[in-house]
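Data file: start-v1.cif. Format and content: mmCIF, C-alpha atoms and all ligand atoms.
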data_my_file
#
loop_
_atom_site.label_atom_id
_atom_site.label_comp_id
_atom_site.auth_asym_id
_atom_site.auth_seq_id
_atom_site.Cartn_x
_atom_site.Cartn_y
_atom_site.Cartn_z
CA MET A 1 102.15 81.04 128.49
CA ASP A 2 103.19 82.52 131.78
CA HIS A 3 103.82 86.15 131.39
CA LEU A 4 101.52 87.97 128.99
CA SER A 5 98.47 89.68 130.35
CA THR A 6 95.21 90.05 128.47
CA GLU A 7 95.51 93.79 128.81
CA TYR A 8 98.94 93.72 127.21
CA THR A 9 98.19 91.43 124.28
CA GLY A 10 94.61 92.59 123.70
CA PHE A 11 93.57 88.93 123.37
CA PRO A 12 91.75 86.68 125.85
CA ALA A 13 94.32 85.04 128.17
CA ASP A 14 93.87 81.61 126.59
CA VAL A 15 94.49 82.77 123.00
CA ILE A 16 98.15 83.30 122.17
CA PRO A 17 98.55 85.65 119.18
CA LEU A 18 101.15 84.91 116.53
CA GLN A 19 103.63 87.53 117.72
CA TYR A 20 104.00 85.73 121.07
CA GLN A 21 104.19 82.14 119.78
CA ALA A 22 107.97 82.40 119.29
CA LEU A 23 108.33 82.78 123.07
CA LEU A 24 106.94 79.26 123.30
CA LEU A 25 109.14 77.97 120.47
CA THR A 26 112.29 79.40 122.06
CA ASP A 27 111.56 78.02 125.53
CA GLU A 28 114.14 75.25 125.37
CA ARG A 29 113.11 73.41 128.53
CA ARG A 30 109.51 73.21 127.33
CA MET A 31 110.42 72.23 123.78
CA LYS A 32 112.91 69.53 124.78
CA ALA A 33 110.52 68.01 127.30
CA PHE A 34 107.66 67.83 124.77
CA ALA A 35 109.90 66.55 121.95
CA ASP A 36 111.23 63.81 124.22
CA ALA A 37 107.83 62.88 125.64
CA ILE A 38 106.16 62.76 122.21
CA GLU A 39 108.96 60.66 120.75
CA ARG A 40 108.50 58.17 123.60
CA ALA A 41 104.69 58.11 123.57
CA VAL A 42 103.92 58.10 119.82
CA ARG A 43 104.13 54.98 117.66
CA PRO A 44 103.88 54.91 113.85
CA GLY A 45 100.28 54.77 112.65
CA MET A 46 98.76 56.28 115.82
CA HIS A 47 96.01 58.87 115.45
CA VAL A 48 96.99 61.90 117.54
CA LEU A 49 94.79 64.89 118.35
CA ASP A 50 96.53 68.19 119.22
CA LEU A 51 94.18 70.55 121.09
CA GLY A 52 95.36 74.19 120.99
CA ALA A 53 97.99 73.46 118.36
CA GLY A 54 99.44 76.99 118.16
CA THR A 55 102.15 77.01 115.49
CA GLY A 56 101.77 73.23 115.20
CA VAL A 57 105.13 72.29 116.71
CA LEU A 58 103.77 69.45 118.87
CA SER A 59 101.84 68.10 115.86
CA TYR A 60 105.08 68.25 113.91
CA PHE A 61 106.88 66.18 116.60
CA ALA A 62 104.06 63.62 116.51
CA ALA A 63 104.02 63.45 112.68
CA ARG A 64 107.79 63.02 112.70
CA ALA A 65 107.29 59.99 114.97
CA GLY A 66 104.94 58.46 112.38
CA ALA A 67 101.50 59.56 113.65
CA VAL A 68 98.56 60.82 111.65
CA VAL A 69 97.62 64.05 113.42
CA THR A 70 94.55 66.24 113.69
CA ALA A 71 95.40 69.67 115.07
CA ILE A 72 92.92 72.23 116.41
CA GLU A 73 93.65 75.95 116.73
CA ARG A 74 91.22 78.80 117.37
CA GLU A 75 93.23 81.96 116.66
CA PRO A 76 92.90 82.66 112.90
CA ARG A 77 96.39 84.00 112.15
CA VAL A 78 98.09 81.36 114.22
CA PHE A 79 95.97 78.73 112.48
CA ALA A 80 96.91 80.02 108.99
CA THR A 81 100.61 80.15 109.87
CA ALA A 82 100.55 76.66 111.37
CA ARG A 83 98.76 75.27 108.32
CA ALA A 84 101.45 76.57 105.96
CA ALA A 85 104.35 75.53 108.22
CA LEU A 86 102.96 72.04 108.79
CA ARG A 87 102.28 71.48 105.09
CA SER A 88 105.84 72.39 104.20
CA ALA A 89 107.30 70.29 107.07
CA VAL A 90 105.22 67.11 106.96
CA GLY A 91 102.86 67.37 103.95
CA ASP A 92 99.46 65.88 104.69
CA ALA A 93 100.46 63.97 107.84
CA VAL A 94 98.79 66.73 109.87
CA ARG A 95 95.26 67.96 109.18
CA ILE A 96 94.78 71.29 110.93
CA VAL A 97 91.25 72.48 111.72
CA HIS A 98 90.23 76.04 112.59
CA ALA A 99 87.94 75.35 115.54
CA ASP A 100 87.36 75.80 119.25
CA ALA A 101 88.85 72.79 121.05
CA ARG A 102 85.94 72.87 123.53
CA ASP A 103 83.50 72.00 120.72
CA TYR A 104 85.64 69.86 118.47
CA LEU A 105 85.04 66.14 118.39
CA PRO A 106 87.08 63.72 116.22
CA GLU A 107 85.09 61.59 113.79
CA GLU A 108 86.92 58.45 114.85
CA PRO A 109 88.74 57.21 117.96
CA VAL A 110 92.11 58.73 118.72
CA ASP A 111 95.06 57.07 120.47
CA LEU A 112 96.69 60.10 122.07
CA VAL A 113 95.62 63.66 122.88
CA LEU A 114 98.24 66.42 123.12
CA CYS A 115 97.14 69.53 124.97
CA GLU A 116 99.41 72.35 126.08
CA MET A 117 97.16 75.13 127.31
CA LEU A 118 99.02 75.30 130.57
CA HIS A 119 99.99 78.09 132.93
CA VAL A 120 101.72 77.78 136.28
CA GLY A 121 99.09 77.22 138.97
CA LEU A 122 96.65 76.15 136.21
CA LEU A 123 95.77 79.86 136.22
CA ARG A 124 94.71 81.90 133.16
CA GLU A 125 94.66 79.17 130.50
CA ARG A 126 91.81 76.73 129.96
CA GLN A 127 93.41 73.28 129.97
CA VAL A 128 91.03 71.95 132.64
CA GLU A 129 87.95 73.28 130.83
CA VAL A 130 89.12 72.03 127.41
CA MET A 131 90.15 68.59 128.66
CA GLY A 132 86.96 68.21 130.72
CA ALA A 133 84.79 69.12 127.71
CA PHE A 134 86.77 66.80 125.44
CA LYS A 135 86.45 63.83 127.82
CA ARG A 136 82.70 64.28 128.31
CA ARG A 137 82.02 64.62 124.60
CA TYR A 138 84.38 61.83 123.58
CA LEU A 139 82.88 59.32 126.04
CA HIS A 140 79.38 60.30 124.97
CA HIS A 141 79.85 60.28 121.19
CA VAL A 142 82.82 57.98 120.53
CA GLY A 143 82.72 55.85 123.69
CA GLY A 144 85.44 54.48 125.98
CA PRO A 145 88.18 53.88 126.66
CA LEU A 146 89.59 57.39 126.73
CA PRO A 147 92.76 57.95 124.71
CA ARG A 148 96.07 58.46 126.45
CA PHE A 149 96.78 62.09 127.35
CA LEU A 150 100.04 64.02 127.11
CA PRO A 151 100.53 65.53 129.67
CA GLU A 152 99.38 62.60 131.79
CA ALA A 153 99.37 64.22 135.22
CA CYS A 154 99.82 67.48 137.11
CA VAL A 155 101.43 68.10 140.50
CA GLN A 156 101.17 71.47 142.23
CA ALA A 157 103.12 72.66 145.24
CA VAL A 158 103.45 75.87 147.24
CA GLN A 159 105.98 77.27 149.74
CA PRO A 160 106.18 80.40 151.92
CA VAL A 161 109.03 82.74 150.93
CA GLU A 162 110.51 86.11 151.69
CA GLN A 163 110.77 87.91 148.36
CA ASP A 164 112.78 91.03 147.68
CA PHE A 165 110.34 93.22 145.76
CA THR A 166 112.62 96.28 145.87
CA TYR A 167 114.08 97.42 142.56
CA MET A 168 116.72 100.20 142.66
CA GLY A 169 115.23 101.46 145.89
CA TYR A 170 111.63 101.23 144.67
CA THR A 171 109.38 98.60 146.27
CA VAL A 172 106.63 97.00 144.17
CA PRO A 173 105.04 93.78 145.45
CA ALA A 174 104.03 92.43 142.01
CA PRO A 175 103.94 88.77 140.86
CA VAL A 176 107.26 87.41 139.61
CA PHE A 177 108.01 84.46 137.31
CA GLN A 178 111.20 82.52 137.91
CA LEU A 179 113.15 79.92 135.97
CA PRO A 180 113.07 76.75 138.08
CA GLU A 181 116.67 75.69 137.64
CA SER A 182 118.25 79.09 138.24
CA ARG A 183 119.56 80.62 141.47
CA GLN A 184 117.08 83.14 142.89
CA PRO A 185 118.97 85.70 144.99
CA ARG A 186 115.76 87.68 145.61
CA THR A 187 114.00 84.73 147.25
CA VAL A 188 114.53 83.26 150.73
CA GLU A 189 112.71 79.94 151.16
CA ALA A 190 111.12 80.04 154.62
CA ALA A 191 110.13 76.36 154.32
CA PRO A 192 110.33 73.62 151.66
CA PRO A 193 107.45 73.24 149.17
CA GLN A 194 104.44 71.04 149.95
CA VAL A 195 102.13 69.46 147.37
CA PHE A 196 98.57 70.81 147.45
CA GLN A 197 97.17 69.10 144.35
CA GLN A 198 97.93 66.15 142.09
CA PHE A 199 95.80 64.39 139.53
CA PHE A 200 95.88 62.42 136.29
CA TRP A 201 94.11 64.03 133.33
CA THR A 202 92.09 60.81 132.83
CA GLU A 203 90.58 61.26 136.32
CA PRO A 204 87.68 63.59 137.21
CA LEU A 205 89.22 67.07 136.92
CA PRO A 206 89.46 69.52 139.83
CA ALA A 207 86.89 72.31 140.18
CA ARG A 208 89.22 74.19 142.57
CA CYS A 209 92.92 74.66 143.17
CA ALA A 210 93.01 75.01 146.93
CA ALA A 211 95.52 74.72 149.75
CA ASP A 212 95.34 74.84 153.53
CA LEU A 213 98.80 73.79 154.63
CA THR A 214 100.95 74.27 157.69
CA PHE A 215 104.70 74.66 157.20
CA VAL A 216 107.51 74.74 159.74
CA ALA A 217 109.93 77.62 159.16
CA GLU A 218 113.50 76.49 158.55
CA ARG A 219 114.95 79.96 159.11
CA PRO A 220 113.87 83.40 160.33
CA ALA A 221 111.99 85.25 157.59
CA VAL A 222 109.34 87.83 156.86
CA VAL A 223 106.93 85.75 154.80
CA ASN A 224 105.65 88.31 152.31
CA ALA A 225 104.97 85.96 149.37
CA VAL A 226 104.32 82.38 148.33
CA ARG A 227 105.89 80.52 145.45
CA LEU A 228 103.69 78.32 143.28
CA ILE A 229 105.25 75.33 141.52
CA THR A 230 103.52 73.34 138.76
CA LYS A 231 105.10 70.18 137.45
CA ASN A 232 103.61 68.42 134.44
CA LEU A 233 104.26 64.74 134.12
CA LEU A 234 104.23 64.65 130.32
CA THR A 235 104.52 60.92 129.80
CA LEU A 236 105.28 57.81 131.83
CA THR A 237 108.13 55.71 130.48
CA TYR A 238 108.55 52.01 131.13
CA GLU A 239 112.01 51.14 129.81
CA PRO A 240 113.61 52.61 131.77
CA SER A 241 110.84 53.17 134.25
CA GLY A 242 110.27 56.87 134.92
CA SER A 243 108.66 59.90 133.33
CA VAL A 244 109.37 62.90 131.15
CA ASP A 245 108.50 65.98 133.20
CA TRP A 246 108.18 69.68 132.59
CA THR A 247 108.27 72.04 135.55
CA MET A 248 106.85 75.39 134.48
CA ASN A 249 108.31 78.73 135.51
CA TYR A 250 107.60 79.32 139.18
CA LEU A 251 105.19 82.07 140.14
CA VAL A 252 105.90 84.16 143.25
CA VAL A 253 102.91 86.19 144.42
CA PRO A 254 102.86 88.74 147.25
CA VAL A 255 100.64 88.29 150.31
CA SER A 256 98.59 91.24 151.53
CA GLU A 257 99.63 90.82 155.18
CA PRO A 258 103.22 89.55 155.62
CA VAL A 259 104.11 87.65 158.81
CA GLU A 260 107.41 87.38 160.63
CA VAL A 261 108.56 83.87 161.56
CA LEU A 262 111.47 82.41 163.53
CA THR A 263 113.08 79.03 162.95
CA GLY A 264 110.64 76.29 164.05
CA ASP A 265 107.52 78.51 163.86
CA GLU A 266 104.47 77.15 162.10
CA VAL A 267 103.18 79.11 159.08
CA ARG A 268 99.74 78.46 157.64
CA VAL A 269 99.08 79.12 153.92
CA ARG A 270 95.53 79.14 152.57
CA PHE A 271 94.00 79.93 149.17
CA ALA A 272 91.39 78.69 146.73
CA TYR A 273 90.62 79.63 143.13
CA ALA A 274 89.19 77.96 140.06
CA PRO A 275 91.42 76.63 137.27
CA GLY A 276 91.59 79.25 134.51
CA ASP A 277 91.12 82.15 136.94
CA GLU A 278 93.33 85.22 136.57
CA ILE A 279 96.22 85.66 139.04
CA PRO A 280 94.30 88.17 141.25
CA ALA A 281 91.82 85.40 142.12
CA LEU A 282 94.75 83.70 143.87
CA THR A 283 96.28 86.82 145.42
CA ASP A 284 92.95 88.21 146.66
CA ASP A 285 92.19 84.98 148.50
CA LEU A 286 95.71 84.22 149.72
CA ARG A 287 96.21 84.25 153.51
CA VAL A 288 99.43 83.54 155.40
CA SER A 289 99.33 83.37 159.20
CA VAL A 290 101.14 82.04 162.24
CA PRO A 291 98.64 79.94 164.24
CA ALA A 292 98.05 81.41 167.75
CA HIS A 293 99.05 78.13 169.49
CA ALA A 294 102.41 78.22 167.67
CA ARG A 295 103.50 81.54 169.20
C1 LIG B 1 100.19 77.71 125.19
S1 LIG B 1 99.78 77.70 123.47
C2 LIG B 1 100.59 76.21 122.96
C3 LIG B 1 100.68 76.08 121.48
C4 LIG B 1 101.33 74.79 121.01
N1 LIG B 1 100.54 73.63 121.40
C5 LIG B 1 102.73 74.66 121.51
O1 LIG B 1 102.95 73.80 122.38
O2 LIG B 1 103.60 75.42 121.06
C6 LIG B 1 98.06 77.26 123.48
C7 LIG B 1 97.37 77.45 122.15
O3 LIG B 1 96.01 77.07 122.29
C8 LIG B 1 95.20 77.99 121.55
N2 LIG B 1 93.85 77.93 122.14
C9 LIG B 1 93.45 78.44 123.34
N3 LIG B 1 92.17 78.14 123.57
C10 LIG B 1 91.76 77.40 122.52
C11 LIG B 1 90.54 76.77 122.20
N4 LIG B 1 89.48 76.85 123.01
N5 LIG B 1 90.46 76.08 121.05
C12 LIG B 1 91.53 75.98 120.20
N6 LIG B 1 92.71 76.57 120.46
C13 LIG B 1 92.84 77.26 121.60
C14 LIG B 1 95.91 79.31 121.72
O4 LIG B 1 95.55 80.25 120.72
C15 LIG B 1 97.37 78.87 121.63
O5 LIG B 1 97.85 78.90 120.30
#

Would you write out, as structure tokens, the structure that this file holds?
Amino acid sequence: MDHLSTEYTGFPADVIPLQYQALLLTDERRMKAFADAIERAVRPGMHVLDLGAGTGVLSYFAARAGAVVTAIEREPRVFATARAALRSAVGDAVRIVHADARDYLPEEPVDLVLCEMLHVGLLRERQVEVMGAFKRRYLHHVGGPLPRFLPEACVQAVQPVEQDFTYMGYTVPAPVFQLPESRQPRTVEAAPPQVFQQFFWTEPLPARCAADLTFVAERPAVVNAVRLITKNLLTLTYEPSGSVDWTMNYLVVPVSEPVEVLTGDEVRVRFAYAPGDEIPALTDDLRVSVPAHAR
């Protein structure tokens, strides 16, 4: 969930109250990607675990593909709503448990774990913490091998941009979310994106999301922001060979000290924060500079 602050919802950032779950259900790019990925990854008879089930829609997709599903949700009203909706949609194919996914452990091995507690930049939500806790506990109590995960991998990129933060004559450098596939007339890309992090969820998980990258400006710009891009590789496919991906809404965040660049200038972008941190942890640490030797 990209765009709802704790202050606004009154809930911790990682808990999505019922009144905001429809924003997830009506996000067509997200829904289509997950429906497609689950249909490709799930086989009849599989045991699927859905961590952070929300309204239960991913569990529903898995049950529809023939899986027996255990779904975990922490927020009580969301849990109660999901339980009723799942029962009416798929009967007892999904067992939903009111629990914290960080503590929950299945009684028997599972084939596939669904987990969508994602935010662009891996900020705000607790996917890394929840998946890390699950893997440790599963290996200790159930043993290896680990189940397959959906999403399978995460790729994060960043690029320096000039962002128009002026609205009807009023300038407010505040973070902006953007739909990936749409034209962005307020954004000038100073340089193409570069990857700063990529990992599979089966691997040891990152303690930091950090970048120290040098870009070469493709056009003159006042770099006053960076754009963060998070692509989730939901599932690998083999016939045909490829993957089902979901690129989350981009996040454009202002930099405290903008720099002016000309075509061919180098621009250095640095930041570090922990997964699950709030957006200010990124913006407070973010530095954009033109290296002295490049001038
Ligand atoms: C981004 S929503 C996704 C919901 C659903 N999986 C979907 O795709 O529509 C993440 C859900 O995880 C729940 N959640 C967050 N932290 C949790 C935790 N520690 N244990 C169980 N559920 C959690 C939230 O309340 C929310 O419903």

- request: Write out as a list in words each polymer residue whose atoms come within 8 Å of segment 100-110 of chain A, counting only C-alpha atoms; drop sequence neighbours fewer than 3 positions from it.
  value: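 Close residues of segment 100-110 of chain A: Met46, His47, Val48, Leu49, Leu51, Gly52, Ile72, Glu73, Arg74, Val113, Glu129, Val130, Met131, Ala133, Phe134, Arg137, Tyr138, Val142 and Pro147 of chain A.
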
Next, write the just-selected residues to a file, as an mmCIF file, keeping the file's coordinate frame, keeping C-alpha atoms as the atom set.
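Wrote result.cif, looks like this:
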data_model
loop_
_atom_site.group_PDB
_atom_site.id
_atom_site.type_symbol
_atom_site.label_atom_id
_atom_site.label_comp_id
_atom_site.auth_asym_id
_atom_site.auth_seq_id
_atom_site.Cartn_x
_atom_site.Cartn_y
_atom_site.Cartn_z
ATOM 1 C CA MET A 46 98.760 56.280 115.820
ATOM 2 C CA HIS A 47 96.010 58.870 115.450
ATOM 3 C CA VAL A 48 96.990 61.900 117.540
ATOM 4 C CA LEU A 49 94.790 64.890 118.350
ATOM 5 C CA LEU A 51 94.180 70.550 121.090
ATOM 6 C CA GLY A 52 95.360 74.190 120.990
ATOM 7 C CA ILE A 72 92.920 72.230 116.410
ATOM 8 C CA GLU A 73 93.650 75.950 116.730
ATOM 9 C CA ARG A 74 91.220 78.800 117.370
ATOM 10 C CA VAL A 113 95.620 63.660 122.880
ATOM 11 C CA GLU A 129 87.950 73.280 130.830
ATOM 12 C CA VAL A 130 89.120 72.030 127.410
ATOM 13 C CA MET A 131 90.150 68.590 128.660
ATOM 14 C CA ALA A 133 84.790 69.120 127.710
ATOM 15 C CA PHE A 134 86.770 66.800 125.440
ATOM 16 C CA ARG A 137 82.020 64.620 124.600
ATOM 17 C CA TYR A 138 84.380 61.830 123.580
ATOM 18 C CA VAL A 142 82.820 57.980 120.530
ATOM 19 C CA PRO A 147 92.760 57.950 124.710
#

message: Show me the residues close to (100.2, 68.5, 143.0) - anything with an atom within 7 Å, counting all atoms listed in the file - and format the list as a list in words.
response: Cys154, Val155, Gln156, Ala157, Val195, Phe196, Gln197, Gln198 and Phe199 of chain A

- prompt: Which residues form the shell of 7 Å around ligand LIG 1 (chain B) when you count only C-alpha atoms and all ligand atoms, given as a PyMOL selection string?
  reply: chain A and resi 1+14-17+21+24-25+51-58+72-75+78+99-102+115-118+126+130

- request: Name all residues at most 12 Å from Glu203 of chain A (count only C-alpha atoms; drop same-chain ones fewer than 2 positions away) and give them as a count of residues only.
  value: 17

task: Pick out the residues sitting within 6 Å of Thr70 of chain A, and hand them over as a VMD selection string; count all atoms listed in the file, and ignore anything fewer than 4 positions along from it in its own chain.
output: chain A and resid 49 94 to 96

message: With only C-alpha atoms as the counted atoms, please give the residues lying no more than 12 Å from Pro280 of chain A, apart from itself and same-chain residues fewer than 5 positions off, as a list in words.
response: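 After dropping sequence-adjacent residues, the list is Ser5, Leu123, Arg124, Ala174, Pro175, Val253, Pro254, Val255, Ser256, Phe271, Ala272, Tyr273, Ala274, Asp285 and Leu286 of chain A.
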
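Distances here use only C-alpha atoms; by that measure, the residue among A:Leu262, A:Val223, A:Met31, A:Val161 closest to Tyr60 of chain A is A:Met31.
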
query: Which polymer residues have any atom within 7 Å of an atom of Arg77 of chain A, counting only C-alpha atoms, with same-chain residues fewer than 3 positions away left out, as an MDAnalysis selection string?
result: chainID A and resid 18 80:81

Within 12 Å of segment 176-184 of chain A, which residues of segment 17-93 of chain A show up? Give each one with its shortest atom-to-atom distance in Å (one decimal) and the two atoms involved, counting only C-alpha atoms, rows by chain then rising residue number, as a tab-separated table.
residue	atom	partner	partner_atom	distance
A:Asp27	CA	A:Leu179	CA	10.7
A:Glu28	CA	A:Leu179	CA	11.6
A:Arg29	CA	A:Leu179	CA	9.9
A:Arg30	CA	A:Leu179	CA	11.5

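Taking atom CA of Ala37 of chain A and atom CA of Gln194 of chain A as endpoints, the distance between them is 25.9 Å.
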
- prompt: How many Å lie between atom CA of Leu112 of chain A and atom CA of Leu228 of chain A, rounded to one decimal?
  reply: 28.8 Å

Distance of atom CA of Leu114 of chain A from atom CA of Leu150 of chain A, expressed in Å to one decimal place: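 One can read the atom CA of Leu150 of chain A to atom CA of Leu114 of chain A distance as 5.0 Å.
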
task: Find, counting all atoms listed in the file, the residue in A:Arg83, A:Arg208, A:His98, A:His140 that gets nearest to Pro275 of chain A.
output: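 Smallest separation from Pro275 of chain A among the options: A:Arg208.
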
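Minimum distance to Val68 of chain A across A:Pro240, A:Gly91, A:Gly121, A:Pro151 (counting all atoms listed in the file) occurs at A:Gly91.
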
- prompt: Which of these residues is nearest to Asp245 of chain A, using all atoms listed in the file: A:Ala191, A:Leu233, A:Ala65, A:Val269?
  reply: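 Between A:Ala191, A:Leu233, A:Ala65, A:Val269, the residue approaching Asp245 of chain A most closely is A:Leu233.
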
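Comparing A:Phe165, A:Ala281, A:Val252, A:Phe61 by their smallest distance to Ala33 of chain A, the closest is A:Phe61 (using all atoms listed in the file).
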
message: Restricting the calculation to only C-alpha atoms: of A:Val267, A:Ala85, A:Ala62, A:Ala67, which residue gets closest to Phe34 of chain A?
response: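 Looking only at the distances to Phe34 of chain A, the closest residue turns out to be A:Ala62.
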